[in-house]
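Trainee: Here you go, this is target23.tsv (TSV, C-alpha atoms).
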```tsv
chain	number	residue	atom	x	y	z
A	1	MET	CA	76.14	148.69	12.04
A	2	ASN	CA	78.22	145.65	11.00
A	3	LEU	CA	81.82	144.91	11.89
A	4	ASP	CA	83.28	146.36	8.68
A	5	ASP	CA	81.44	149.62	9.37
A	6	LEU	CA	82.91	149.77	12.88
A	7	VAL	CA	86.43	149.16	11.55
A	8	GLY	CA	85.88	151.91	8.99
A	9	GLU	CA	84.59	154.30	11.65
A	10	TYR	CA	87.63	153.54	13.82
A	11	ALA	CA	90.02	154.34	10.95
A	12	ASP	CA	88.17	157.58	10.21
A	13	ILE	CA	88.30	158.72	13.84
A	14	GLU	CA	92.00	157.82	14.03
A	15	LYS	CA	92.66	160.04	11.02
A	16	ARG	CA	90.60	162.92	12.46
A	17	LEU	CA	92.34	162.73	15.85
A	18	ALA	CA	95.68	163.10	14.06
A	19	ASP	CA	94.52	166.47	12.71
A	20	PRO	CA	95.59	169.31	15.07
A	21	ALA	CA	92.61	171.40	13.94
A	22	VAL	CA	90.20	168.92	15.57
A	23	HIS	CA	91.75	169.52	18.97
A	24	ALA	CA	90.93	173.22	18.76
A	25	ASP	CA	87.38	172.17	19.67
A	26	GLN	CA	87.83	170.38	22.98
A	27	ALA	CA	84.25	169.10	23.09
A	28	THR	CA	84.57	167.46	19.66
A	29	ALA	CA	88.01	166.05	20.46
A	30	ARG	CA	86.72	164.60	23.73
A	31	LYS	CA	83.73	163.01	21.99
A	32	LEU	CA	85.95	161.48	19.29
A	33	GLY	CA	88.44	160.24	21.88
A	34	LYS	CA	85.69	158.55	23.83
A	35	ARG	CA	84.32	156.79	20.75
A	36	TYR	CA	87.83	155.80	19.68
A	37	ALA	CA	88.45	154.17	23.05
A	38	GLU	CA	85.14	152.28	22.77
A	39	LEU	CA	85.96	150.94	19.31
A	40	ARG	CA	89.62	150.04	19.93
A	41	PRO	CA	89.08	146.66	21.69
A	42	ILE	CA	86.53	145.66	19.03
A	43	VAL	CA	88.86	146.51	16.14
A	44	GLU	CA	91.91	144.93	17.76
A	45	THR	CA	89.98	141.71	18.49
A	46	ALA	CA	88.61	141.64	14.92
A	47	ARG	CA	92.14	142.01	13.52
A	48	ASP	CA	93.45	139.23	15.77
A	49	LEU	CA	90.54	137.02	14.69
A	50	ARG	CA	91.19	137.54	10.98
A	51	ALA	CA	94.91	136.89	11.44
A	52	ALA	CA	94.17	133.67	13.33
A	53	GLN	CA	91.71	132.56	10.62
A	54	ASP	CA	94.31	133.17	7.89
A	55	ASP	CA	97.00	131.31	9.87
A	56	ALA	CA	94.62	128.39	10.53
A	57	ALA	CA	93.78	128.10	6.82
A	58	ALA	CA	97.49	128.08	5.95
A	59	ALA	CA	98.23	125.49	8.64
A	60	ARG	CA	95.51	123.18	7.33
A	61	GLU	CA	96.97	123.36	3.81
A	62	LEU	CA	100.45	122.52	5.10
A	63	ALA	CA	99.10	119.70	7.30
A	64	ALA	CA	98.38	117.69	4.15
A	65	GLU	CA	102.12	117.44	3.61
A	66	ASP	CA	103.44	117.71	7.18
A	67	PRO	CA	101.36	116.31	10.10
A	68	VAL	CA	103.12	118.70	12.50
A	69	PHE	CA	100.92	121.51	11.19
A	70	ALA	CA	97.74	119.60	12.11
A	71	GLN	CA	98.27	120.36	15.80
A	72	GLU	CA	99.01	124.00	15.01
A	73	ALA	CA	95.74	124.21	13.07
A	74	ALA	CA	93.85	122.69	16.02
A	75	ASP	CA	95.41	125.20	18.41
A	76	LEU	CA	94.50	128.05	16.10
A	77	ASP	CA	90.90	126.80	15.83
A	78	LYS	CA	90.67	126.92	19.62
A	79	ARG	CA	92.09	130.45	19.59
A	80	ILE	CA	89.53	131.44	16.93
A	81	ASP	CA	86.67	130.19	19.11
A	82	GLU	CA	87.96	132.29	22.03
A	83	LEU	CA	88.32	135.41	19.88
A	84	GLU	CA	84.85	134.96	18.40
A	85	GLU	CA	83.34	134.77	21.90
A	86	THR	CA	85.29	137.86	22.98
A	87	LEU	CA	84.12	139.74	19.90
A	88	ARG	CA	80.52	138.65	20.47
A	89	ARG	CA	80.63	140.15	23.96
A	90	LEU	CA	82.30	143.35	22.76
A	91	LEU	CA	79.60	143.85	20.13
A	92	VAL	CA	76.77	143.70	22.67
A	93	PRO	CA	75.37	147.26	22.94
A	94	ARG	CA	76.80	148.84	26.08
A	95	ASP	CA	75.00	151.06	28.53
A	96	PRO	CA	75.52	154.64	27.28
A	97	ASN	CA	75.98	155.77	30.89
A	98	ASP	CA	78.79	153.32	31.70
A	99	ASP	CA	81.47	155.99	31.47
A	100	LYS	CA	79.63	158.40	33.76
A	101	ASP	CA	80.31	159.32	37.36
A	102	ILE	CA	77.50	158.89	39.87
A	103	ILE	CA	75.49	160.53	42.62
A	104	LEU	CA	74.73	157.97	45.33
A	105	GLU	CA	72.13	158.51	48.06
A	106	ILE	CA	71.72	156.38	51.17
A	107	LYS	CA	68.60	156.80	53.28
A	108	ALA	CA	67.75	155.21	56.63
A	109	GLY	CA	64.55	153.19	56.45
A	110	GLU	CA	62.74	150.78	58.73
A	111	GLY	CA	64.52	150.22	62.03
A	112	GLY	CA	64.95	153.70	63.47
A	113	GLU	CA	68.39	154.46	64.89
A	114	GLU	CA	69.72	151.03	63.90
A	115	SER	CA	68.82	151.76	60.28
A	116	ALA	CA	70.69	155.06	60.47
A	117	LEU	CA	73.76	153.27	61.85
A	118	PHE	CA	73.52	150.73	59.02
A	119	ALA	CA	73.30	153.58	56.51
A	120	GLY	CA	76.62	154.77	57.95
A	121	ASP	CA	78.08	151.27	57.45
A	122	LEU	CA	76.98	151.30	53.81
A	123	LEU	CA	78.51	154.72	53.29
A	124	ARG	CA	81.82	153.50	54.73
A	125	MET	CA	81.66	150.40	52.47
A	126	TYR	CA	81.21	152.50	49.33
A	127	LEU	CA	83.89	155.00	50.34
A	128	ARG	CA	86.38	152.18	50.99
A	129	TYR	CA	85.47	150.47	47.71
A	130	ALA	CA	85.95	153.74	45.84
A	131	GLU	CA	89.34	154.17	47.50
A	132	ARG	CA	90.41	150.68	46.35
A	133	ALA	CA	89.24	151.47	42.80
A	134	GLY	CA	91.16	154.76	42.72
A	135	TRP	CA	87.99	156.85	42.53
A	136	LYS	CA	87.43	160.25	44.10
A	137	THR	CA	84.54	160.73	46.55
A	138	GLU	CA	82.82	163.83	47.87
A	139	ILE	CA	80.05	163.92	50.47
A	140	ILE	CA	77.60	166.47	49.09
A	141	ASP	CA	75.02	166.47	51.87
A	142	ALA	CA	74.44	164.57	55.11
A	143	GLN	CA	71.85	164.48	57.87
A	144	HIS	CA	73.22	162.74	60.95
A	145	SER	CA	71.29	160.69	63.48
A	146	ASP	CA	71.56	161.04	67.26
A	147	LEU	CA	74.03	158.12	67.64
A	148	GLY	CA	76.31	159.05	64.75
A	149	GLY	CA	74.57	157.26	61.89
A	150	TYR	CA	72.98	158.89	58.86
A	151	LYS	CA	69.34	159.63	58.24
A	152	ASP	CA	70.25	160.67	54.71
A	153	VAL	CA	73.61	161.07	52.99
A	154	THR	CA	74.50	161.96	49.40
A	155	VAL	CA	77.94	161.31	47.94
A	156	ALA	CA	79.44	161.96	44.50
A	157	VAL	CA	81.85	159.35	43.14
A	158	LYS	CA	84.19	160.19	40.25
A	159	SER	CA	86.33	157.78	38.23
A	160	ARG	CA	89.39	160.01	37.69
A	161	GLY	CA	89.22	159.29	33.95
A	162	THR	CA	89.59	155.49	34.13
A	163	GLU	CA	88.37	153.43	31.16
A	164	ASP	CA	84.99	152.62	32.70
A	165	GLY	CA	83.07	155.14	34.76
A	166	VAL	CA	81.69	154.49	38.23
A	167	TRP	CA	78.20	153.82	36.83
A	168	ALA	CA	79.45	150.66	35.08
A	169	ARG	CA	80.23	149.08	38.48
A	170	LEU	CA	77.80	150.65	40.94
A	171	LYS	CA	74.60	151.03	38.91
A	172	TYR	CA	73.36	147.75	40.41
A	173	GLU	CA	73.54	149.00	44.01
A	174	GLY	CA	70.16	150.76	43.95
A	175	GLY	CA	67.47	149.17	46.08
A	176	VAL	CA	66.64	148.17	49.65
A	177	HIS	CA	69.60	146.78	51.60
A	178	ARG	CA	68.56	144.71	54.61
A	179	VAL	CA	70.70	144.07	57.71
A	180	GLN	CA	70.28	141.36	60.33
A	181	ARG	CA	72.28	141.85	63.53
A	182	VAL	CA	72.15	142.71	67.22
A	183	PRO	CA	71.79	146.51	67.29
A	184	ALA	CA	73.94	148.68	69.50
A	185	THR	CA	70.71	149.85	71.10
A	186	GLU	CA	69.59	146.27	71.98
A	187	SER	CA	70.15	145.34	75.64
A	188	GLN	CA	68.99	141.71	75.50
A	189	GLY	CA	71.10	140.48	72.59
A	190	ARG	CA	68.22	139.90	70.18
A	191	ILE	CA	68.80	139.97	66.43
A	192	HIS	CA	66.87	142.71	64.66
A	193	THR	CA	66.18	143.28	60.97
A	194	SER	CA	66.27	146.79	59.56
A	195	ALA	CA	66.89	148.34	56.18
A	196	ALA	CA	68.37	151.29	54.33
A	197	GLY	CA	67.63	152.47	50.80
A	198	VAL	CA	70.31	153.14	48.20
A	199	PHE	CA	69.63	155.17	45.06
A	200	VAL	CA	72.28	155.48	42.34
A	201	MET	CA	72.09	158.05	39.53
A	202	PRO	CA	74.51	158.86	36.70
A	203	GLU	CA	75.77	162.37	37.30
A	204	ALA	CA	74.32	164.66	34.67
A	205	GLU	CA	76.32	167.22	32.77
A	206	ASP	CA	74.87	170.50	31.60
A	207	ILE	CA	74.49	169.04	28.10
A	208	ASP	CA	72.44	166.12	29.50
A	209	VAL	CA	69.81	168.14	31.33
A	210	GLN	CA	68.73	171.71	30.64
A	211	ILE	CA	67.04	173.43	33.59
A	212	ASP	CA	65.04	176.62	33.09
A	213	PRO	CA	65.64	178.88	36.12
A	214	ASN	CA	61.99	179.98	35.85
A	215	ASP	CA	60.97	176.39	36.68
A	216	LEU	CA	62.71	176.51	40.06
A	217	ARG	CA	61.46	177.59	43.47
A	218	ILE	CA	64.40	178.20	45.81
A	219	ASP	CA	63.89	178.41	49.57
A	220	VAL	CA	66.51	178.97	52.23
A	221	PHE	CA	66.41	177.77	55.81
A	222	ARG	CA	68.61	177.35	58.83
A	223	SER	CA	70.93	174.32	58.88
A	224	SER	CA	70.79	171.76	61.66
A	225	GLY	CA	73.28	169.23	62.97
A	226	PRO	CA	77.08	169.10	62.63
A	227	GLY	CA	78.65	171.52	60.21
A	228	GLY	CA	80.69	174.23	61.89
A	229	GLN	CA	80.11	177.62	63.48
A	230	SER	CA	77.69	178.84	60.82
A	231	VAL	CA	75.16	176.08	61.57
A	232	ASN	CA	72.05	177.40	63.34
A	233	THR	CA	73.26	181.01	62.92
A	234	THR	CA	72.57	181.75	59.24
A	235	ASP	CA	70.00	180.74	56.64
A	236	SER	CA	72.60	178.90	54.54
A	237	ALA	CA	70.66	175.69	53.76
A	238	VAL	CA	68.91	175.59	50.39
A	239	ARG	CA	65.84	173.73	49.18
A	240	ILE	CA	65.12	173.67	45.42
A	241	THR	CA	61.80	172.56	43.97
A	242	HIS	CA	61.58	171.81	40.25
A	243	LEU	CA	57.99	172.88	39.62
A	244	PRO	CA	57.22	170.89	36.42
A	245	THR	CA	58.27	167.54	37.94
A	246	GLY	CA	57.80	168.21	41.65
A	247	ILE	CA	61.35	167.00	42.42
A	248	VAL	CA	62.61	168.53	45.67
A	249	VAL	CA	66.29	168.68	46.63
A	250	SER	CA	67.81	170.19	49.74
A	251	CYS	CA	71.41	170.72	50.75
A	252	GLN	CA	72.86	172.04	54.01
A	253	ASN	CA	76.34	170.51	54.15
A	254	GLU	CA	78.24	173.58	52.94
A	255	LYS	CA	78.68	176.76	54.98
A	256	SER	CA	77.52	179.20	52.33
A	257	GLN	CA	74.15	179.54	50.66
A	258	LEU	CA	75.78	179.72	47.22
A	259	GLN	CA	77.72	176.49	47.73
A	260	ASN	CA	74.61	174.68	48.95
A	261	LYS	CA	72.68	175.96	45.93
A	262	GLU	CA	75.33	174.65	43.53
A	263	GLN	CA	75.35	171.23	45.19
A	264	ALA	CA	71.55	171.04	45.22
A	265	LEU	CA	71.45	171.84	41.49
A	266	ARG	CA	73.98	169.11	40.91
A	267	ILE	CA	71.75	166.55	42.63
A	268	LEU	CA	68.68	167.91	40.84
A	269	ARG	CA	70.27	167.43	37.42
A	270	ALA	CA	71.16	163.83	38.28
A	271	ARG	CA	67.62	163.10	39.49
A	272	MET	CA	66.05	164.64	36.41
A	273	LEU	CA	68.35	162.60	34.15
A	274	ALA	CA	67.38	159.42	36.04
A	275	VAL	CA	63.66	160.24	35.67
A	276	ALA	CA	64.06	160.96	31.94
A	277	GLN	CA	65.85	157.66	31.38
A	278	GLU	CA	63.24	155.69	33.34
A	279	GLU	CA	60.49	157.27	31.25
A	280	ALA	CA	62.37	156.42	28.06
A	281	GLU	CA	62.72	152.80	29.17
A	282	ALA	CA	59.02	152.58	30.01
A	283	ALA	CA	58.09	154.00	26.62
A	284	ALA	CA	60.40	151.55	24.84
A	285	SER	CA	58.95	148.48	26.54
A	286	ALA	CA	55.78	147.72	28.47
A	287	GLU	CA	57.61	145.12	30.47
A	288	ARG	CA	59.92	146.09	33.31
A	289	LYS	CA	63.55	145.19	32.81
A	290	SER	CA	65.09	142.65	35.18
A	291	GLN	CA	66.16	143.73	38.65
A	292	VAL	CA	69.77	143.56	37.50
A	293	ARG	CA	69.16	146.07	34.73
A	294	THR	CA	66.89	148.54	36.52
A	295	VAL	CA	66.49	148.15	40.24
A	296	ASP	CA	63.24	149.17	41.89
A	297	ARG	CA	64.05	150.77	45.24
A	298	SER	CA	60.97	149.17	46.79
A	299	GLU	CA	62.52	145.73	46.26
A	300	ARG	CA	64.98	144.11	48.67
A	301	VAL	CA	68.16	143.51	46.72
A	302	ARG	CA	70.68	142.41	49.33
A	303	THR	CA	70.92	141.07	52.88
A	304	TYR	CA	73.83	141.60	55.28
A	305	ASN	CA	73.68	138.90	57.98
A	306	PHE	CA	76.15	139.68	60.76
A	307	PRO	CA	75.72	136.52	62.92
A	308	GLU	CA	76.67	134.33	59.92
A	309	ASN	CA	79.11	136.88	58.41
A	310	ARG	CA	77.07	136.36	55.23
A	311	ILE	CA	76.19	138.65	52.34
A	312	SER	CA	73.48	137.61	49.87
A	313	ASP	CA	72.38	139.32	46.67
A	314	HIS	CA	68.85	138.10	45.93
A	315	ARG	CA	68.77	139.14	42.27
A	316	VAL	CA	71.49	136.76	41.07
A	317	GLY	CA	71.69	134.27	43.93
A	318	TYR	CA	75.14	135.45	45.01
A	319	LYS	CA	76.19	134.38	48.51
A	320	ALA	CA	79.49	134.68	50.37
A	321	TYR	CA	80.67	134.48	53.97
A	322	ASN	CA	83.04	137.44	54.05
A	323	LEU	CA	80.68	140.20	55.14
A	324	ASP	CA	83.34	141.82	57.31
A	325	GLN	CA	85.63	142.17	54.28
A	326	VAL	CA	82.83	143.44	52.03
A	327	LEU	CA	81.90	146.16	54.53
A	328	ASP	CA	85.57	147.12	54.56
A	329	GLY	CA	85.36	147.84	50.82
A	330	ASP	CA	86.04	144.41	49.25
A	331	LEU	CA	82.94	144.69	47.08
A	332	HIS	CA	84.44	143.59	43.75
A	333	ASN	CA	83.14	140.00	43.68
A	334	VAL	CA	79.64	141.15	44.60
A	335	THR	CA	79.47	143.75	41.83
A	336	GLN	CA	81.16	141.39	39.35
A	337	ALA	CA	78.39	138.81	39.87
A	338	LEU	CA	75.87	141.47	38.84
A	339	VAL	CA	77.99	142.65	35.90
A	340	ASP	CA	78.26	139.05	34.65
A	341	ALA	CA	74.53	138.42	35.03
A	342	ASP	CA	73.75	141.60	33.13
A	343	MET	CA	76.14	140.61	30.33
A	344	GLU	CA	74.55	137.16	30.02
A	345	GLN	CA	71.12	138.75	29.73
A	346	ARG	CA	72.34	141.21	27.12
A	347	LEU	CA	73.94	138.36	25.15
A	348	ALA	CA	70.68	136.41	25.27
A	349	GLU	CA	68.72	139.46	24.07
A	350	ALA	CA	71.22	140.12	21.28
A	351	THR	CA	71.04	136.50	20.17
```
Go through the file and emit its structure as structure tokens.
Mentor:
Amino acid sequence: MNLDDLVGEYADIEKRLADPAVHADQATARKLGKRYAELRPIVETARDLRAAQDDAAAARELAAEDPVFAQEAADLDKRIDELEETLRRLLVPRDPNDDKDIILEIKAGEGGEESALFAGDLLRMYLRYAERAGWKTEIIDAQHSDLGGYKDVTVAVKSRGTEDGVWARLKYEGGVHRVQRVPATESQGRIHTSAAGVFVMPEAEDIDVQIDPNDLRIDVFRSSGPGGQSVNTTDSAVRITHLPTGIVVSCQNEKSQLQNKEQALRILRARMLAVAQEEAEAAASAERKSQVRTVDRSERVRTYNFPENRISDHRVGYKAYNLDQVLDGDLHNVTQALVDADMEQRLAEAT
């Protein structure tokens, strides 16, 4: 679709949104509103570009009689170059999931109890970052370790309707996160290396993934660990197995079996959507995308070095010496480096 087509589509949607009858169907109105918001910066930039081109042409004509207009024409040419670059970036196909919320899982890996403590540090980092961004977080399920870390924790992050969803910023976090520090369990002051895995999925809506109840095996069991008076007294924990894919999800964080079932289905939908998208990518191309675009959880993506207060992202060569601030939620520069690298790759592919 060329630029004129996009401008025409924008005008058509604007006209439809002005019709009260359209808003009687909330799903249609929401879909149109979303597309309208996507097209608005493209159309506004295109209009500014055309106005600048017209002004520059007029200034060049007048410069033949008055040299003062020559500088104005030069300034407008510079402005045109900037607008053309902005428009080029806006026209790069965006990730269709960028406006989605996410389900984020953190799992302790190599390193035993130290890995579980590090998983807790990562959870705190993401919760603090979400708080700074104005996002809403909800811990769906958690399995604690003996010293207060996390063997496994699942959290939902919602954008509260901001322009970009959480996926647009945190989709690059998936992978193995490595930590180098003196563990709390180390008595001789030696630096250890351990790791935790992070898996990020766009949260699926009912329209994204259809689940046949006949394809599910649902088991209940007794919860363990912190969670209130009902823990260890009732079979409130739920394990759901999706038989066609073999995906297994369990949830024990809530006090009732029904609540745990709803949360487990929520995670299952997100996992099934992630699997479907990975299969679609594989079918579209025999080559794997870059680590920035689709992160393999078996690959180390980032190192947190406590002795040097250093954080390094190995995919884009990012390095900074403010690890303490990053772990306190100041993650913007880290994620921005990945966003920028992804955009440069998309621009190269589009070219």
Trainee: Nearest to A:Val316 among A:Ala337, A:Leu49, A:Ile240, A:Ala21, with distances taken over only C-alpha atoms: which residue is it?
Mentor: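 Between A:Ala337, A:Leu49, A:Ile240, A:Ala21, the residue approaching A:Val316 most closely is A:Ala337.
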Trainee: Residues at most 12 Å from A:Val179, counting all atoms listed in the file, excluding those fewer than 4 positions away in the same chain, as number ranges by chain?
Mentor: A: 108-111, 114-119, 121-122, 183, 191-197, 300-312, 323, 327
Trainee: Name all residues at most 12 Å from A:Leu265 (count only C-alpha atoms; drop same-chain ones fewer than 2 positions away) and give them as JSON, numbers by chain.
Mentor: {"A": [140, 203, 204, 205, 206, 209, 210, 211, 212, 213, 216, 217, 218, 238, 239, 240, 241, 242, 247, 248, 249, 250, 251, 258, 259, 260, 261, 262, 263, 267, 268, 269, 270, 271, 272]}
Trainee: Would you give the centre and edge lengths, in Å to one decimal, of a box along x, y and z around the listed atoms of stretch 262-280 of chain A, with 4 Å added to each side, as JSON?
Mentor:
```
{"center_x": 67.9, "center_y": 165.2, "center_z": 36.6, "size_x": 22.9, "size_y": 27.0, "size_z": 25.2}
```
Trainee: Which of these residues is nearest to A:Glu131, using all atoms listed in the file: A:Asp328, A:Ser256, A:Ala56, A:Leu338?
Mentor: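 Among A:Asp328, A:Ser256, A:Ala56, A:Leu338, it is A:Asp328 that comes nearest to A:Glu131.
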